[in-house]
Amino acid sequence: MGIHERLQRAVERAFFGGRSTRFSEYISYAIGNVFLMVVVFFVLLNNIGYDWTGQLYPPGAGYRLDFLTGGLDNAIPFVPEFVVFYVFLFYPLAAATMVFFGLVEYRRGYALGWSLVAINAIALAVYVVFPVSTYWWRLEFLADPLQGFWAEQVYAFWEGDTSFNCFPSLHAAVSTICAYGWHRYRKVKPSVKTRGAELAAAFIAVGVVLSTLFVKQHYIADEIAGVALAIVVGKLLFDRLWKE
């Protein structure tokens, strides 16, 4: 008996007198999805774990990866307006995707939930042994700060982030796995609406990846690693757990 079957039996014994119904199935999946996406991914890994890895090294420590691109990383300008994607579109994309596949298309939620957990766990393990930082860019741009609303949003984000958790980029990985989830959904339920959702998710995901470079939060290598991690993990786990 699998993990979900055990969970469903426990839920049915506790709340449904041992009877199996469509509603008991829904509640079981919803509990499992919320546990994976909210408790494990968002709280334990994305908040507690991420903050912990960010405290392992002092400011100014860590590796620089701008040398890998022959100066291309340093040539990318600081464009604070890209914080629209980095903050104001990234989080709604992640939240909407988790709510939809966790509570609406709930039978498909485990594929997304386990993918998010695996991606974040792998990233944290890398952060511990290979701390990559953009701390030096922050010093450079804060020495002569820009004025305006969007610049202030970037500076506020910098203030609350350690910048030792760069490779692979979780912004790139999470937005990519969200877009991949909508892509798989459109394939099994093709329609104008699902095509629109797929395109919107892909557009935001591309914008998020680019935004990490233009707000000087990541190196190009971080983005390549983040996207690759999401594609590999997503392909493996969606093929195994996705309910067609």
# chains A, B, ... in the order shown; residues from 1 in each chain; ligands from 1
$ residues_around --residues "stretch 94-108 of chain A" --least-positions-apart "5" --cutoff "9 Å" --atoms "only C-alpha atoms" --output "PyMOL selection string"
chain A and resi 26+29-34+37-38+89+113+174-175+178-179+181-182+185+201+238+241-244
$ write_last_selection --atoms "C-alpha atoms" --output "PDB file, in the first residue's frame"
ATOM      1  CA  TYR A  26     -10.700  14.836  -2.102  1.00  0.00           C
ATOM      2  CA  TYR A  29      -5.503  14.487  -1.528  1.00  0.00           C
ATOM      3  CA  ALA A  30      -5.970  18.047  -0.266  1.00  0.00           C
ATOM      4  CA  ILE A  31      -4.286  17.193   3.048  1.00  0.00           C
ATOM      5  CA  GLY A  32      -1.403  15.486   1.254  1.00  0.00           C
ATOM      6  CA  ASN A  33      -0.950  18.348  -1.198  1.00  0.00           C
ATOM      7  CA  VAL A  34      -1.090  21.047   1.476  1.00  0.00           C
ATOM      8  CA  MET A  37       3.475  22.322  -0.781  1.00  0.00           C
ATOM      9  CA  VAL A  38       2.892  24.439   2.317  1.00  0.00           C
ATOM     10  CA  LEU A  89       4.604  38.111 -10.539  1.00  0.00           C
ATOM     11  CA  GLY A 113       4.314  18.940  -4.623  1.00  0.00           C
ATOM     12  CA  VAL A 174      10.254  27.132  -9.076  1.00  0.00           C
ATOM     13  CA  SER A 175       8.924  29.282 -11.921  1.00  0.00           C
ATOM     14  CA  CYS A 178       5.187  25.827 -12.342  1.00  0.00           C
ATOM     15  CA  ALA A 179       5.239  26.490 -16.087  1.00  0.00           C
ATOM     16  CA  GLY A 181       2.944  21.852 -14.601  1.00  0.00           C
ATOM     17  CA  TRP A 182       0.656  24.052 -16.700  1.00  0.00           C
ATOM     18  CA  TYR A 185      -2.074  20.101 -17.811  1.00  0.00           C
ATOM     19  CA  ALA A 201       2.930  30.775 -16.899  1.00  0.00           C
ATOM     20  CA  PHE A 238       5.716  14.061 -13.278  1.00  0.00           C
ATOM     21  CA  LEU A 241       3.156  10.765 -10.247  1.00  0.00           C
ATOM     22  CA  TRP A 242       1.106  12.745 -12.786  1.00  0.00           C
ATOM     23  CA  LYS A 243      -2.419  11.352 -13.126  1.00  0.00           C
ATOM     24  CA  GLU A 244      -3.377  11.460 -16.807  1.00  0.00           C
TER      25      GLU A 244
END
$ select_by_dssp --residues "stretch 17-78 of chain A" --states "helix (DSSP H, G or I)" --output "count of residues only"
41
$ closest_residue --among "A:Arg19, A:His171, A:Arg138, A:Arg64" --to "A:Ala225" --atoms "only C-alpha atoms"
A:His171
$ atom_distance --atom1 "atom CA of A:Ala10" --atom2 "atom CA of A:Ser28"
8.8 Å
$ closest_atom_pairs --of "stretch 197-232 of chain A" --to "stretch 148-157 of chain A" --cutoff "10 Å" --atoms "only C-alpha atoms" --output "JSON lines"
{"residue": "A:Val215", "atom": "CA", "partner": "A:Val154", "partner_atom": "CA", "distance": 7.0}
{"residue": "A:Lys216", "atom": "CA", "partner": "A:Val154", "partner_atom": "CA", "distance": 9.5}
{"residue": "A:Gln217", "atom": "CA", "partner": "A:Val154", "partner_atom": "CA", "distance": 9.5}
$ closest_atom_pairs --of "stretch 45-137 of chain A" --to "stretch 209-213 of chain A" --cutoff "8 Å" --atoms "only C-alpha atoms" --output "tab-separated table"
residue	atom	partner	partner_atom	distance
A:Asp73	CA	A:Leu213	CA	7.7
A:Ile76	CA	A:Leu213	CA	7.1
A:Phe82	CA	A:Ser211	CA	5.0
A:Val83	CA	A:Ser211	CA	6.5
A:Phe85	CA	A:Ser211	CA	6.1
A:Tyr86	CA	A:Ser211	CA	5.6
$ residues_around --residues "A:Ile119" --least-positions-apart "6" --cutoff "9 Å" --atoms "only C-alpha atoms" --output "list in words"
Leu170, Ala173, Val174, Gly226, Leu229, Ala230, Val233 and Gly234 of chain A
$ closest_residue --among "A:Thr21, A:Leu199, A:Tyr219, A:Pro168" --to "A:Ala75" --atoms "only C-alpha atoms"
A:Tyr219
